[in-house]
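Shown next, in C-alpha cells, is the structure this report addresses.
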Amino acid sequence: MRRTGLRLAALAALLFALPMAVLAGSPHQVHDVTITISGATLTASGKEAGLGDEDQVHIVLTATASCVNPGNNKPQAANKETLTAEGDFPVQNGKADFTLSVTATFQPSCSPPMTVEFSDVTVVDTTNGIQLYP
C-alpha cells in the first residue's frame, strides 16, 4: 500500500511539473517584424519572445527582387533574383532581437527609370519552426 502511495505522489508531481516545463519555452512573436526598403536593399527587423533558456535562434530572410520598368511590365528571368540572408541571434532573458538585410544586384544594373521591387518576403525562425513574416 505504501508503494502505491509513493507512486501516486511521484506521478502527481510529474504531471504538475510538465505544464511548467512547456510554459518555460513557448516561442512567439512579440512585435510585428518591420520591413524597410531603401533603394535595392530590404531589411527585416523584429523581436521574438518566449524562448526560455535557448542560447540562440537561427533566423532566415528570403525575398524575390525584380527590376521593373515604368510601364510596370513583368521582368524577364534576367531581371529577377531570389535573395536570402540568415543569422544566429542570441537569446537574452527569453527574447531575441534580430535584423537581416538583402541587397539586389542586377546585370545590367537596375537604374532609373527602372525600380527594384520586392515580393515573396518571408522571415522564419528555423530553430523553432516558426514563420514570423508574413
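Residue names in the C-alpha cells use chain letters A, B, ... in the order shown, residue numbers from 1 in each chain, and ligand numbers from 1 in the order shown.
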Excluding region 115-120 of chain A and its own-chain neighbours fewer than 5 positions away, which residues fall within 9 Å of it when counting only C-alpha atoms? Please give them as a list of chain:residue names. A:Ile37, A:Gly39, A:Ala40, A:Thr41, A:Leu42, A:Thr62, A:Ala63, A:Thr64, A:Ala65, A:Ser66, A:Cys67, A:Val68, A:Asn69, A:Pro70, A:Ala104, A:Cys110, A:Pro134
Suppose we keep all heavy atoms; can you now write the selection as a compact mmCIF listing (two decimals), in the first residue's frame?
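And here's out-v3.txt as it stands now:
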# COMPACT_ATOMS: atom_id res chain seq x y z
N ILE A 37 12.55 49.26 -46.96
CA ILE A 37 13.22 49.20 -48.25
C ILE A 37 13.89 50.53 -48.50
O ILE A 37 13.27 51.58 -48.38
CB ILE A 37 12.23 48.87 -49.38
CG1 ILE A 37 11.60 47.50 -49.13
CG2 ILE A 37 12.93 48.90 -50.74
CD1 ILE A 37 10.47 47.16 -50.07
N GLY A 39 16.22 51.86 -51.59
CA GLY A 39 16.84 51.56 -52.88
C GLY A 39 16.70 50.10 -53.22
O GLY A 39 15.59 49.58 -53.30
N ALA A 40 17.82 49.40 -53.35
CA ALA A 40 17.80 47.98 -53.70
C ALA A 40 18.03 47.09 -52.48
O ALA A 40 18.31 45.90 -52.62
CB ALA A 40 18.88 47.70 -54.74
N THR A 41 17.88 47.65 -51.26
CA THR A 41 18.10 46.88 -50.03
C THR A 41 16.81 46.74 -49.24
O THR A 41 16.11 47.73 -49.00
CB THR A 41 19.17 47.56 -49.15
OG1 THR A 41 20.39 47.63 -49.90
CG2 THR A 41 19.41 46.79 -47.86
N LEU A 42 16.51 45.51 -48.83
CA LEU A 42 15.36 45.22 -47.99
C LEU A 42 15.90 44.76 -46.64
O LEU A 42 16.81 43.92 -46.58
CB LEU A 42 14.51 44.11 -48.61
CG LEU A 42 13.29 43.68 -47.80
CD1 LEU A 42 12.12 43.44 -48.74
CD2 LEU A 42 13.56 42.43 -46.99
N THR A 62 14.07 35.66 -46.70
CA THR A 62 14.07 35.33 -48.13
C THR A 62 13.15 36.32 -48.84
O THR A 62 12.08 36.67 -48.33
CB THR A 62 13.55 33.89 -48.38
OG1 THR A 62 14.32 33.00 -47.59
CG2 THR A 62 13.67 33.51 -49.83
N ALA A 63 13.57 36.78 -50.03
CA ALA A 63 12.76 37.70 -50.82
C ALA A 63 13.12 37.56 -52.30
O ALA A 63 14.21 37.12 -52.63
CB ALA A 63 12.99 39.15 -50.38
N THR A 64 12.18 37.95 -53.15
CA THR A 64 12.43 37.99 -54.58
C THR A 64 12.51 39.46 -54.98
O THR A 64 11.62 40.25 -54.65
CB THR A 64 11.31 37.29 -55.37
OG1 THR A 64 11.25 35.93 -54.95
CG2 THR A 64 11.56 37.35 -56.86
N ALA A 65 13.59 39.84 -55.69
CA ALA A 65 13.77 41.22 -56.16
C ALA A 65 13.56 41.23 -57.67
O ALA A 65 14.06 40.35 -58.38
CB ALA A 65 15.16 41.72 -55.83
N SER A 66 12.81 42.22 -58.14
CA SER A 66 12.55 42.38 -59.57
C SER A 66 12.89 43.79 -60.00
O SER A 66 12.63 44.75 -59.28
CB SER A 66 11.07 42.12 -59.87
OG SER A 66 10.68 40.84 -59.43
N CYS A 67 13.46 43.91 -61.19
CA CYS A 67 13.74 45.22 -61.77
C CYS A 67 12.57 45.53 -62.71
O CYS A 67 12.38 44.86 -63.72
CB CYS A 67 15.07 45.17 -62.53
SG CYS A 67 15.59 46.77 -63.15
N VAL A 68 11.78 46.53 -62.34
CA VAL A 68 10.53 46.82 -63.04
C VAL A 68 10.64 48.14 -63.79
O VAL A 68 11.15 49.14 -63.25
CB VAL A 68 9.36 46.89 -62.03
CG1 VAL A 68 8.05 47.20 -62.72
CG2 VAL A 68 9.26 45.58 -61.26
N ASN A 69 10.14 48.16 -65.03
CA ASN A 69 10.19 49.39 -65.81
C ASN A 69 9.00 50.28 -65.49
O ASN A 69 8.07 49.85 -64.81
CB ASN A 69 10.31 49.09 -67.32
CG ASN A 69 9.04 48.48 -67.89
OD1 ASN A 69 7.95 48.64 -67.37
ND2 ASN A 69 9.19 47.78 -69.00
N PRO A 70 9.00 51.54 -65.95
CA PRO A 70 7.92 52.47 -65.61
C PRO A 70 6.54 51.99 -66.08
O PRO A 70 5.53 52.38 -65.52
CB PRO A 70 8.30 53.77 -66.32
CG PRO A 70 9.76 53.67 -66.53
CD PRO A 70 10.06 52.22 -66.69
N ALA A 104 19.70 43.67 -53.74
CA ALA A 104 19.60 43.17 -55.10
C ALA A 104 20.67 43.81 -55.98
O ALA A 104 20.91 45.01 -55.90
CB ALA A 104 18.23 43.47 -55.67
N CYS A 110 19.90 47.99 -62.44
CA CYS A 110 18.50 48.44 -62.44
C CYS A 110 18.51 49.93 -62.09
O CYS A 110 18.32 50.34 -60.96
CB CYS A 110 17.72 47.65 -61.39
SG CYS A 110 15.95 47.96 -61.42
N PRO A 134 5.36 36.62 -43.60
CA PRO A 134 4.22 37.48 -43.31
C PRO A 134 3.27 36.85 -42.35
O PRO A 134 3.13 35.70 -42.17
CB PRO A 134 3.56 37.67 -44.66
CG PRO A 134 3.88 36.44 -45.45
CD PRO A 134 5.21 35.99 -44.91
With only C-alpha atoms as the counted atoms, please give the residues lying no more than 10 Å from region 83-94 of chain A, apart from itself and same-chain residues fewer than 6 positions off, as a count of residues only.
39
* Within region 25-70 of chain A, find each residue whose DSSP state, derived from the backbone, is strand (DSSP E), and express the selection as an MDAnalysis selection string. => chainID A and resid 28:38 41:49 56:68
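Straight-line separation from CA of Lys80 (chain A) to CA of Gln131 (chain A): 23.9 Å.
Computed from the coordinates, the CA of Ala77 (chain A) to CA of Ser38 (chain A) distance equals 22.8 Å.
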| request: Mind checking which residues fall within 10 Å of Thr34 (chain A), counting only C-alpha atoms, ignoring those fewer than 6 positions away in the same chain, and posting them as a PyMOL selection string? | output: chain A and resi 43-47+99+133
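CA of Ala96 (chain A) sits 29.1 Å away from CA of Glu81 (chain A).
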